[in-house]
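Heads up, start16.csv below (CSV, C-alpha atoms):
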```
chain,number,residue,atom,x,y,z
A,7,MET,CA,15.8,32.2,-20.2
A,8,SER,CA,17.1,33.6,-16.9
A,9,PRO,CA,17.5,31.5,-13.8
A,10,LYS,CA,14.5,33.3,-12.3
A,11,GLU,CA,12.4,32.5,-15.3
A,12,ASP,CA,13.6,28.8,-15.1
A,13,ILE,CA,12.2,28.6,-11.6
A,14,ILE,CA,8.9,30.2,-12.5
A,15,PHE,CA,8.2,27.8,-15.3
A,16,MET,CA,9.5,24.8,-13.4
A,17,LYS,CA,7.2,25.6,-10.5
A,18,ARG,CA,4.3,25.7,-13.0
A,19,ALA,CA,5.3,22.2,-14.2
A,20,ILE,CA,5.5,20.9,-10.6
A,21,ALA,CA,2.0,22.4,-9.9
A,22,LEU,CA,0.7,20.5,-12.9
A,23,ALA,CA,2.2,17.3,-11.7
A,24,LYS,CA,0.8,17.7,-8.2
A,25,THR,CA,-2.8,17.5,-9.7
A,26,ARG,CA,-2.1,13.8,-10.5
A,27,LYS,CA,-0.2,12.9,-7.3
A,28,GLY,CA,-0.7,9.2,-6.6
A,29,LEU,CA,-2.9,8.6,-9.7
A,30,THR,CA,-0.1,7.5,-12.0
A,31,HIS,CA,1.2,4.5,-10.0
A,32,PRO,CA,3.3,2.6,-10.7
A,33,ASN,CA,4.7,5.5,-12.8
A,34,PRO,CA,6.0,8.7,-11.4
A,35,THR,CA,4.1,12.0,-11.3
A,36,VAL,CA,5.4,14.3,-14.0
A,37,GLY,CA,4.5,17.7,-15.4
A,38,CYS,CA,5.9,19.5,-18.4
A,39,VAL,CA,5.8,23.1,-19.7
A,40,ILE,CA,7.0,24.2,-23.1
A,41,VAL,CA,8.0,27.9,-23.5
A,42,LYS,CA,8.9,29.9,-26.6
A,43,GLY,CA,9.5,33.7,-26.7
A,44,GLY,CA,8.8,33.9,-23.0
A,45,LYS,CA,5.3,32.4,-23.4
A,46,ILE,CA,3.9,29.0,-22.6
A,47,VAL,CA,3.0,27.3,-25.9
A,48,GLY,CA,2.2,23.9,-24.5
A,49,GLU,CA,1.9,22.0,-21.2
A,50,GLY,CA,0.9,18.6,-20.1
A,51,VAL,CA,0.8,16.1,-17.3
A,52,HIS,CA,1.0,12.3,-17.2
A,53,LEU,CA,-2.5,11.2,-16.4
A,54,LYS,CA,-2.0,7.5,-15.5
A,55,ALA,CA,0.1,4.5,-16.4
A,56,GLY,CA,-0.3,3.5,-20.0
A,57,GLN,CA,-1.3,6.9,-21.2
A,58,PRO,CA,1.1,9.5,-22.9
A,59,HIS,CA,3.8,11.0,-20.8
A,60,ALA,CA,3.7,14.6,-19.8
A,61,GLU,CA,6.3,15.6,-22.5
A,62,VAL,CA,4.3,14.0,-25.3
A,63,VAL,CA,1.1,15.7,-24.1
A,64,ALA,CA,2.8,19.1,-24.0
A,65,LEU,CA,4.5,18.6,-27.4
A,66,LYS,CA,1.1,17.7,-29.0
A,67,LYS,CA,-0.4,21.0,-27.6
A,68,ALA,CA,2.6,23.0,-28.8
A,69,GLY,CA,2.6,21.5,-32.3
A,70,SER,CA,5.1,23.2,-34.6
A,71,ARG,CA,5.8,25.9,-32.0
A,72,ALA,CA,7.9,23.3,-30.1
A,73,LYS,CA,10.7,23.7,-32.6
A,74,GLY,CA,13.4,25.9,-31.0
A,75,SER,CA,11.6,26.0,-27.7
A,76,THR,CA,12.6,25.5,-24.0
A,77,VAL,CA,11.0,22.5,-22.3
A,78,TYR,CA,10.6,22.3,-18.5
A,79,VAL,CA,10.0,18.9,-17.1
A,80,THR,CA,9.8,17.7,-13.5
A,81,LEU,CA,11.6,14.4,-14.1
A,82,GLU,CA,14.3,13.3,-16.5
A,83,PRO,CA,12.7,12.3,-19.8
A,84,CYS,CA,12.6,8.5,-20.2
A,85,ALA,CA,15.0,6.7,-22.5
A,86,HIS,CA,13.4,3.3,-22.7
A,87,TYR,CA,10.5,1.7,-24.6
A,88,GLY,CA,7.7,0.6,-22.2
A,89,ARG,CA,4.0,1.1,-22.6
A,90,THR,CA,4.9,4.3,-24.5
A,91,PRO,CA,7.9,5.4,-26.6
A,92,PRO,CA,10.9,7.2,-25.0
A,93,CYS,CA,10.2,10.9,-24.3
A,94,SER,CA,13.8,11.9,-24.9
A,95,LEU,CA,13.5,10.8,-28.5
A,96,GLU,CA,10.2,12.6,-28.9
A,97,LEU,CA,11.8,15.8,-27.7
A,98,ILE,CA,14.7,15.3,-30.2
A,99,LYS,CA,12.2,14.7,-33.1
A,100,ALA,CA,10.3,17.9,-32.2
A,101,GLY,CA,13.5,20.0,-32.5
A,102,VAL,CA,13.5,21.6,-29.1
A,103,LYS,CA,16.4,23.8,-28.3
A,104,ARG,CA,16.8,23.4,-24.5
A,105,VAL,CA,15.5,21.1,-21.9
A,106,VAL,CA,15.4,22.0,-18.2
A,107,VAL,CA,15.0,19.0,-15.9
A,108,ALA,CA,14.2,19.3,-12.2
A,109,THR,CA,15.7,16.0,-11.1
A,110,LEU,CA,17.2,12.8,-12.6
A,111,ASP,CA,15.2,9.6,-12.7
A,112,PRO,CA,16.7,6.9,-10.4
A,113,ASN,CA,14.9,4.2,-12.4
A,114,PRO,CA,17.7,1.9,-13.6
A,115,LYS,CA,16.1,1.9,-17.1
A,116,VAL,CA,16.6,5.7,-17.2
A,117,ALA,CA,19.2,6.9,-14.7
A,118,GLY,CA,20.9,9.6,-16.8
A,119,LYS,CA,20.3,7.9,-20.2
A,120,GLY,CA,17.5,10.4,-21.1
A,121,ILE,CA,19.9,13.3,-20.5
A,122,GLU,CA,22.6,11.6,-22.6
A,123,ASN,CA,20.2,11.1,-25.5
A,124,LEU,CA,19.3,14.8,-25.5
A,125,ARG,CA,22.9,16.1,-25.2
A,126,ARG,CA,24.1,13.7,-27.9
A,127,ALA,CA,21.5,15.3,-30.2
A,128,GLY,CA,22.9,18.8,-29.5
A,129,ILE,CA,20.2,19.9,-27.1
A,130,ASP,CA,21.2,22.2,-24.2
A,131,VAL,CA,20.2,20.5,-20.9
A,132,THR,CA,20.0,22.0,-17.5
A,133,VAL,CA,19.5,19.8,-14.5
A,134,GLY,CA,18.6,20.7,-10.9
A,135,VAL,CA,16.0,23.5,-11.1
A,136,CYS,CA,13.6,23.2,-8.1
A,137,GLU,CA,15.2,19.8,-7.5
A,138,GLU,CA,14.2,19.3,-3.9
A,139,ASP,CA,10.5,20.1,-4.7
A,140,ALA,CA,10.6,17.6,-7.5
A,141,LYS,CA,12.2,14.9,-5.4
A,142,LYS,CA,9.6,15.4,-2.7
A,143,LEU,CA,6.9,15.1,-5.4
A,144,ASN,CA,8.1,11.6,-6.3
A,145,GLU,CA,9.5,10.5,-3.0
A,146,ASP,CA,7.2,7.4,-3.2
A,147,PHE,CA,8.2,6.4,-6.7
A,148,PHE,CA,11.9,7.0,-6.1
A,149,HIS,CA,11.8,4.6,-3.1
A,150,TRP,CA,9.7,2.0,-4.8
A,151,VAL,CA,11.7,1.9,-8.1
A,152,THR,CA,15.1,1.6,-6.2
A,153,THR,CA,14.0,-0.9,-3.5
A,154,GLN,CA,11.0,-2.7,-5.0
A,155,THR,CA,9.1,-2.1,-1.8
A,156,PRO,CA,6.5,0.5,-1.0
A,157,PHE,CA,7.1,3.9,0.4
A,158,VAL,CA,5.5,3.4,3.9
A,159,VAL,CA,3.6,6.3,5.4
A,160,LEU,CA,2.4,6.0,9.0
A,161,LYS,CA,-0.7,8.1,9.7
A,162,ILE,CA,-1.6,8.9,13.3
A,163,ALA,CA,-4.5,11.0,14.7
A,164,GLN,CA,-3.9,11.9,18.4
A,165,THR,CA,-4.9,14.1,21.2
A,166,LEU,CA,-2.8,16.9,22.6
A,167,ASP,CA,-1.6,14.5,25.4
A,168,GLY,CA,-0.7,11.9,22.8
A,169,PHE,CA,-3.5,9.3,22.8
A,170,ILE,CA,-5.1,7.7,19.7
A,171,ALA,CA,-8.1,6.3,21.6
A,172,THR,CA,-9.7,6.2,25.0
A,173,GLU,CA,-8.8,3.4,27.4
A,174,ASP,CA,-11.8,1.6,26.0
A,175,GLY,CA,-10.4,1.9,22.5
A,176,GLU,CA,-12.9,4.5,21.2
A,177,SER,CA,-11.4,6.9,18.6
A,178,LYS,CA,-14.2,8.4,16.5
A,179,TRP,CA,-13.6,11.1,16.1
A,180,ILE,CA,-10.4,12.7,17.6
A,181,THR,CA,-9.6,15.1,14.8
A,182,SER,CA,-11.8,17.6,12.8
A,183,GLN,CA,-13.7,17.0,9.6
A,184,ASP,CA,-11.1,19.2,7.8
A,185,SER,CA,-8.3,16.8,8.9
A,186,ARG,CA,-10.3,13.7,8.0
A,187,LYS,CA,-10.8,15.2,4.5
A,188,THR,CA,-7.0,15.5,4.0
A,189,VAL,CA,-6.6,11.9,5.2
A,190,HIS,CA,-8.9,10.8,2.4
A,191,ARG,CA,-6.8,12.8,0.0
A,192,LEU,CA,-3.8,10.9,1.4
A,193,ARG,CA,-5.7,7.7,0.8
A,194,CYS,CA,-6.3,8.6,-2.8
A,195,GLU,CA,-2.6,9.4,-3.3
A,196,SER,CA,-1.6,6.0,-2.0
A,197,SER,CA,-1.6,2.7,-3.8
A,198,SER,CA,-2.8,0.8,-0.7
A,199,ILE,CA,-4.2,1.3,2.8
A,200,LEU,CA,-3.2,-1.1,5.6
A,201,VAL,CA,-4.6,-1.8,9.0
A,202,GLY,CA,-4.2,-4.6,11.6
A,203,VAL,CA,-7.2,-6.9,12.3
A,204,GLY,CA,-7.5,-5.3,15.8
A,205,THR,CA,-8.5,-2.0,14.0
A,206,VAL,CA,-11.1,-4.0,12.0
A,207,LEU,CA,-12.5,-5.7,15.1
A,208,LYS,CA,-12.7,-2.4,17.0
A,209,ASP,CA,-13.6,0.2,14.5
A,210,ASN,CA,-15.0,-1.8,11.5
A,211,PRO,CA,-13.6,0.7,9.0
A,212,GLN,CA,-14.4,0.7,5.3
A,213,LEU,CA,-11.0,2.1,4.3
A,214,THR,CA,-12.2,3.7,1.1
A,215,VAL,CA,-11.9,7.2,-0.3
A,216,ARG,CA,-15.2,9.0,0.3
A,217,LEU,CA,-14.6,12.6,1.5
A,218,VAL,CA,-12.8,13.6,-1.7
A,219,SER,CA,-13.2,12.6,-5.4
A,220,CYS,CA,-10.8,10.0,-6.5
A,221,GLU,CA,-10.4,8.2,-9.8
A,222,LYS,CA,-9.1,5.0,-8.3
A,223,LYS,CA,-9.8,2.5,-5.5
A,224,PRO,CA,-6.7,1.8,-3.4
A,225,LEU,CA,-6.0,-1.7,-2.4
A,226,ARG,CA,-7.1,-2.5,1.2
A,227,VAL,CA,-4.8,-4.6,3.2
A,228,VAL,CA,-5.4,-6.3,6.5
A,229,LEU,CA,-2.7,-8.0,8.7
A,230,ASP,CA,-4.5,-10.9,10.4
A,231,SER,CA,-2.2,-13.6,11.7
A,232,TYR,CA,-5.0,-15.9,12.8
A,233,LEU,CA,-7.7,-14.9,10.3
A,234,LYS,CA,-10.0,-13.4,12.9
A,235,ILE,CA,-11.6,-11.0,10.5
A,236,PRO,CA,-15.4,-11.2,10.6
A,237,GLU,CA,-16.9,-12.2,7.3
A,238,SER,CA,-19.4,-9.4,7.8
A,239,ALA,CA,-16.7,-6.7,8.2
A,240,LYS,CA,-17.2,-3.5,6.1
A,241,ILE,CA,-13.8,-3.9,4.6
A,242,LEU,CA,-15.2,-7.1,2.9
A,243,ASP,CA,-17.9,-5.1,1.1
A,244,ASN,CA,-16.4,-5.5,-2.4
A,245,SER,CA,-16.3,-1.7,-2.9
A,246,ALA,CA,-12.5,-1.9,-3.4
A,247,PRO,CA,-10.0,-4.7,-3.8
A,248,THR,CA,-9.0,-6.3,-0.5
A,249,LEU,CA,-6.0,-8.5,0.4
A,250,ILE,CA,-5.6,-10.3,3.7
A,251,PHE,CA,-2.2,-11.4,5.0
A,252,THR,CA,-2.3,-14.3,7.5
A,253,SER,CA,-0.2,-17.1,8.8
A,254,LYS,CA,-2.8,-19.5,10.1
A,255,GLY,CA,-6.5,-19.7,9.2
A,256,ASP,CA,-9.4,-22.0,8.7
A,257,PRO,CA,-9.1,-23.4,5.2
A,258,GLN,CA,-12.9,-23.3,4.7
A,259,LYS,CA,-13.0,-19.6,5.8
A,260,ILE,CA,-10.2,-18.9,3.3
A,261,ARG,CA,-12.1,-20.6,0.6
A,262,ARG,CA,-15.3,-18.6,1.4
A,263,LEU,CA,-13.3,-15.3,1.3
A,264,GLU,CA,-11.7,-16.2,-2.0
A,265,GLU,CA,-15.0,-17.2,-3.5
A,266,ARG,CA,-16.3,-13.7,-2.7
A,267,GLY,CA,-13.3,-12.2,-4.6
A,268,PHE,CA,-10.9,-11.4,-1.7
A,269,GLU,CA,-7.3,-12.5,-1.8
A,270,VAL,CA,-5.7,-14.3,1.2
A,271,VAL,CA,-1.9,-14.6,1.3
A,272,LYS,CA,-0.1,-16.8,3.8
A,273,ILE,CA,3.2,-15.5,5.0
A,274,PRO,CA,5.5,-16.4,8.0
A,275,ALA,CA,4.8,-15.1,11.5
A,276,GLU,CA,6.8,-15.1,14.8
A,277,GLY,CA,5.2,-14.6,18.1
A,278,GLY,CA,1.9,-13.9,16.5
A,279,LEU,CA,3.3,-11.1,14.4
A,280,LEU,CA,3.4,-11.3,10.6
A,281,ASP,CA,6.7,-10.8,8.8
A,282,LEU,CA,6.5,-7.2,7.7
A,283,LYS,CA,9.5,-7.4,5.4
A,284,GLU,CA,7.6,-10.2,3.5
A,285,VAL,CA,4.5,-8.1,3.5
A,286,LEU,CA,6.3,-5.2,1.9
A,287,LYS,CA,8.1,-7.5,-0.6
A,288,VAL,CA,4.8,-9.0,-1.7
A,289,LEU,CA,3.1,-5.6,-2.1
A,290,GLY,CA,6.2,-4.2,-3.9
A,291,LYS,CA,5.9,-6.9,-6.5
A,292,ARG,CA,2.2,-5.9,-6.9
A,293,GLU,CA,3.3,-2.4,-7.8
A,294,VAL,CA,2.2,-0.8,-4.5
A,295,VAL,CA,4.2,2.3,-4.7
A,296,GLN,CA,2.9,4.1,-1.6
A,297,LEU,CA,1.5,2.2,1.4
A,298,LEU,CA,-0.6,4.2,3.9
A,299,VAL,CA,-0.6,2.5,7.4
A,300,GLU,CA,-3.6,3.6,9.5
A,301,GLY,CA,-3.2,1.5,12.6
A,302,GLY,CA,-3.5,0.3,15.1
A,303,ALA,CA,-0.9,0.9,17.8
A,304,LYS,CA,0.6,-2.6,17.6
A,305,ILE,CA,1.0,-2.2,13.8
A,306,PHE,CA,2.5,1.3,14.2
A,307,GLY,CA,4.9,-0.1,16.9
A,308,GLN,CA,5.9,-3.0,14.7
A,309,PHE,CA,6.7,-0.8,11.7
A,310,PHE,CA,8.5,1.8,13.9
A,311,ARG,CA,10.5,-0.7,15.9
A,312,GLN,CA,11.8,-2.5,12.7
A,313,LYS,CA,12.5,0.9,11.0
A,314,LEU,CA,10.3,-0.1,8.0
A,315,TRP,CA,8.6,3.3,7.7
A,316,ASN,CA,9.6,6.2,5.5
A,317,LYS,CA,7.3,9.0,6.6
A,318,LEU,CA,5.2,9.8,9.6
A,319,VAL,CA,2.2,12.1,9.4
A,320,VAL,CA,0.6,13.2,12.7
A,321,TYR,CA,-2.7,15.0,13.2
A,322,THR,CA,-2.9,16.5,16.7
A,323,ALA,CA,-6.3,17.7,18.0
A,324,PRO,CA,-6.7,20.3,20.7
A,325,LYS,CA,-8.2,17.7,23.0
A,326,VAL,CA,-7.0,16.1,26.3
A,327,PHE,CA,-8.0,12.6,27.3
A,328,GLY,CA,-5.9,12.3,30.4
A,329,SER,CA,-5.4,8.6,29.7
A,330,GLY,CA,-5.9,6.3,26.8
A,331,LYS,CA,-4.1,4.3,24.1
A,332,PRO,CA,-0.7,5.6,23.0
A,333,PRO,CA,0.2,5.5,19.3
A,334,PHE,CA,3.0,2.9,19.6
A,335,GLU,CA,2.9,-0.5,21.3
A,336,GLY,CA,5.5,-3.3,21.5
A,337,PHE,CA,8.5,-1.5,22.8
A,338,LYS,CA,9.6,0.6,25.8
A,339,LEU,CA,12.6,2.8,26.5
A,340,THR,CA,14.2,3.4,29.9
A,341,ASP,CA,16.8,5.8,28.7
A,342,PRO,CA,15.3,9.1,27.3
A,343,GLN,CA,18.4,9.5,25.1
A,344,GLY,CA,17.7,6.2,23.4
A,345,GLY,CA,14.6,7.3,21.5
A,346,GLU,CA,14.8,7.7,17.8
A,347,VAL,CA,15.1,11.3,16.7
A,348,LEU,CA,12.9,12.3,13.8
A,349,ARG,CA,13.3,15.2,11.3
A,350,LEU,CA,10.3,17.5,11.2
A,351,GLU,CA,9.8,18.7,7.6
A,352,ASN,CA,6.3,20.2,7.5
A,353,LEU,CA,4.1,21.8,10.2
A,354,LYS,CA,0.7,23.5,9.5
A,355,ARG,CA,-2.7,24.1,10.8
A,356,ILE,CA,-5.7,22.2,9.4
A,357,GLY,CA,-8.9,23.5,10.8
A,358,SER,CA,-8.5,23.3,14.6
A,359,ASP,CA,-5.8,20.6,14.3
A,360,ILE,CA,-2.0,20.7,13.8
A,361,TYR,CA,-0.5,18.6,11.0
A,362,ALA,CA,3.1,17.5,11.1
A,363,GLU,CA,5.3,15.5,8.8
A,364,TYR,CA,8.3,13.6,10.1
A,365,TYR,CA,11.1,11.6,8.4
A,366,PRO,CA,13.6,9.2,9.9
A,367,LEU,CA,17.2,10.4,10.4
A,368,ARG,CA,18.7,7.4,8.8
```
Write out the structure in this file as structure tokens.
Amino acid sequence: MSPKEDIIFMKRAIALAKTRKGLTHPNPTVGCVIVKGGKIVGEGVHLKAGQPHAEVVALKKAGSRAKGSTVYVTLEPCAHYGRTPPCSLELIKAGVKRVVVATLDPNPKVAGKGIENLRRAGIDVTVGVCEEDAKKLNEDFFHWVTTQTPFVVLKIAQTLDGFIATEDGESKWITSQDSRKTVHRLRCESSSILVGVGTVLKDNPQLTVRLVSCEKKPLRVVLDSYLKIPESAKILDNSAPTLIFTSKGDPQKIRRLEERGFEVVKIPAEGGLLDLKEVLKVLGKREVVQLLVEGGAKIFGQFFRQKLWNKLVVYTAPKVFGSGKPPFEGFKLTDPQGGEVLRLENLKRIGSDIYAEYYPLR
């Protein structure tokens, strides 16, 4: 295969993987394409944790045609026994001739071992085709598997003059229906959705995926230092699992919430603010790979100030409020040169709004 053909087939494998983005947690998103004689003879994608990996699915479709073929896979084939057997050994048994890998797997259980298995068996291995696209695809998994804490995405919807709500706190709706639909897709791609109790008290959100089809129900998380959440809140409707972090609360209220099936976790707080590092530690242990933070301004400010975020997505509507609530609270700068500089990676139009993706320069 030529380098150009390698890119074409790898892009096909990445496109397959993208169809399952966020649905495989705590596993990575992986796609695989098997080519022989210049034609695709098998392809597959990992559907969800516990089910066959992409390579196994593709090998099954290829059957005997896999012998002597070239395999394109978006992530290094695994080398360990987990819920399923090692994919590197399955490729060896199938007699494939060459394996093209987009990127290595940083999981300590793999981390180059899959490549070693293949090369030891005499299989030609190429690594790094469409590598940046593949890393972007699994940016959430790569962070979680190496830090054991979630990949934190802050989501902000604002006006052209930078407000997320009016001075009275009204925010429905700033952005367009098209933008809100993509937010629900982002919810589906996340393991968990987080808000502060202030957002619950003001907006009474349900925090579920409704505007797009989704095979899972992301965990809803509320940061509520003093357990102010109303027991009639929509987020307590049992339509999705819900976890409340608090530091102080009425024991009887905690018991009532737990009897209704909600989980209440006590963690330390200082100055009325819950320990975010402890929040992320607890969620990481619960296999929350990607955490979508949807507000409000105090929560955004806390994550931003402590540098506990990994990605910032901003929807900007062509509206001007003149005054209102800014996205971040809890810190102020007097020196314009002291503000954190972000890296803009994606900018596009969604309906009448502008969508931007930012990453920290750290």
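In this comparison, which uses all atoms listed in the file, the residue of A:Ile46, A:Leu143, A:Val319, A:Leu367 approaching Val189 of chain A most closely is A:Val319.
Within the 9 Å cut-off around Thr214 of chain A, using only C-alpha atoms and omitting residues fewer than 2 positions from it on the same chain, the listed residues are His190, Arg193, Cys194, Ile199, Pro211, Gln212, Arg216, Lys223, Pro224, Leu225, Arg226, Ile241, Ser245 and Ala246 of chain A.
In this comparison, which uses only C-alpha atoms, the residue of A:Lys54, A:Gly336, A:Met16, A:Lys45 approaching Glu221 of chain A most closely is A:Lys54.
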Worksheet, complete the sentence: As a check of understanding: the span from atom CA of Ile273 of chain A to atom CA of Ser231 of chain A is 8.8 Å
Worksheet item: What's the 12 Å shell around segment 65-71 of chain A, counting all atoms listed in the file, without same-chain residues fewer than 3 positions away, as a PyMOL selection string?
Response: chain A and resi 38-43+45-51+58-62+74-79+93-103
Fill in: Residues near Lys187 of chain A, cut-off 9 Å, all atoms listed in the file, skip fewer than 3 positions along chain, as a VMD selection string
chain A and resid 182 to 184 190 to 192 216 to 218
Okay, now the selection with C-alpha atoms, as a PDB file, keeping the file's coordinate frame?
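What landed in result.pdb:
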```pdb
ATOM      1  CA  SER A 182     -11.800  17.600  12.800  1.00  0.00           C
ATOM      2  CA  GLN A 183     -13.700  17.000   9.600  1.00  0.00           C
ATOM      3  CA  ASP A 184     -11.100  19.200   7.800  1.00  0.00           C
ATOM      4  CA  HIS A 190      -8.900  10.800   2.400  1.00  0.00           C
ATOM      5  CA  ARG A 191      -6.800  12.800   0.000  1.00  0.00           C
ATOM      6  CA  LEU A 192      -3.800  10.900   1.400  1.00  0.00           C
ATOM      7  CA  ARG A 216     -15.200   9.000   0.300  1.00  0.00           C
ATOM      8  CA  LEU A 217     -14.600  12.600   1.500  1.00  0.00           C
ATOM      9  CA  VAL A 218     -12.800  13.600  -1.700  1.00  0.00           C
TER      10      VAL A 218
END
```
Discussion item. Counting only C-alpha atoms, which residue out of A:Thr322, A:Asn316, A:Thr188, A:Gln57 sits closest to Val158 of chain A?
Written reply: A:Asn316
Box dimensions and centre (Å, one decimal) enclosing segment 152-167 of chain A, axis-aligned, 5 Å extra per side, as AutoDock Vina command-line options:
```
--center_x 5.1 --center_y 7.1 --center_z 9.6 --size_x 30.0 --size_y 29.6 --size_z 41.6
```
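Closest approach to Leu280 of chain A among A:Asp230, A:Asp256, A:Glu237, A:Glu82: A:Asp230, based on only C-alpha atoms.
In terms of minimum interatomic distance to Gly328 of chain A, A:Thr165 ranks closest within A:Thr165, A:Ser177, A:Thr152, A:Thr109, counting only C-alpha atoms.
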Given all atoms listed in the file, how would the per-residue table for segment 131-249 of chain A near segment 265-268 of chain A read, listing every residue at most 8 Å away with its closest atom pair and distance in Å to one decimal, sorted by chain and number, as CSV?
```
residue,atom,partner,partner_atom,distance
A:Leu242,CA,A:Phe268,CA,7.6
A:Asn244,CA,A:Gly267,CA,7.7
A:Pro247,CA,A:Phe268,CA,7.1
A:Thr248,CA,A:Phe268,CA,5.6
A:Leu249,CA,A:Phe268,CA,6.1
```
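A straight line drawn from atom CA of Pro257 of chain A to atom CA of Leu229 of chain A is 17.0 Å long.
Ranking A:Gly168, A:Pro366, A:Gly134, A:Pro91 by their shortest atom-to-atom distance to Val106 of chain A, with all atoms listed in the file included, puts A:Gly134 first.
What separates atom CA of Lys240 of chain A from atom CA of Pro32 of chain A is a distance of 27.2 Å.
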Worksheet item: If we count all atoms listed in the file, what is near Thr30 of chain A at a cut-off of 9 Å, once residues fewer than 3 positions away on the same chain are taken out, given as JSON, numbers by chain?
Response: {"A": [26, 27, 33, 34, 35, 36, 52, 53, 54, 55, 56]}
Distance query Cys136 of chain A at most 10 Å, only C-alpha atoms, self and fewer than 6 positions along chain excluded, as a PDB file with C-alpha atoms, in the frame of the given file:
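Just written: result.pdb:
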```
ATOM      1  CA  ASP A  12      13.600  28.800 -15.100  1.00  0.00           C
ATOM      2  CA  ILE A  13      12.200  28.600 -11.600  1.00  0.00           C
ATOM      3  CA  ILE A  14       8.900  30.200 -12.500  1.00  0.00           C
ATOM      4  CA  MET A  16       9.500  24.800 -13.400  1.00  0.00           C
ATOM      5  CA  LYS A  17       7.200  25.600 -10.500  1.00  0.00           C
ATOM      6  CA  ILE A  20       5.500  20.900 -10.600  1.00  0.00           C
ATOM      7  CA  THR A  80       9.800  17.700 -13.500  1.00  0.00           C
ATOM      8  CA  VAL A 107      15.000  19.000 -15.900  1.00  0.00           C
ATOM      9  CA  ALA A 108      14.200  19.300 -12.200  1.00  0.00           C
ATOM     10  CA  THR A 109      15.700  16.000 -11.100  1.00  0.00           C
TER      11      THR A 109
END
```
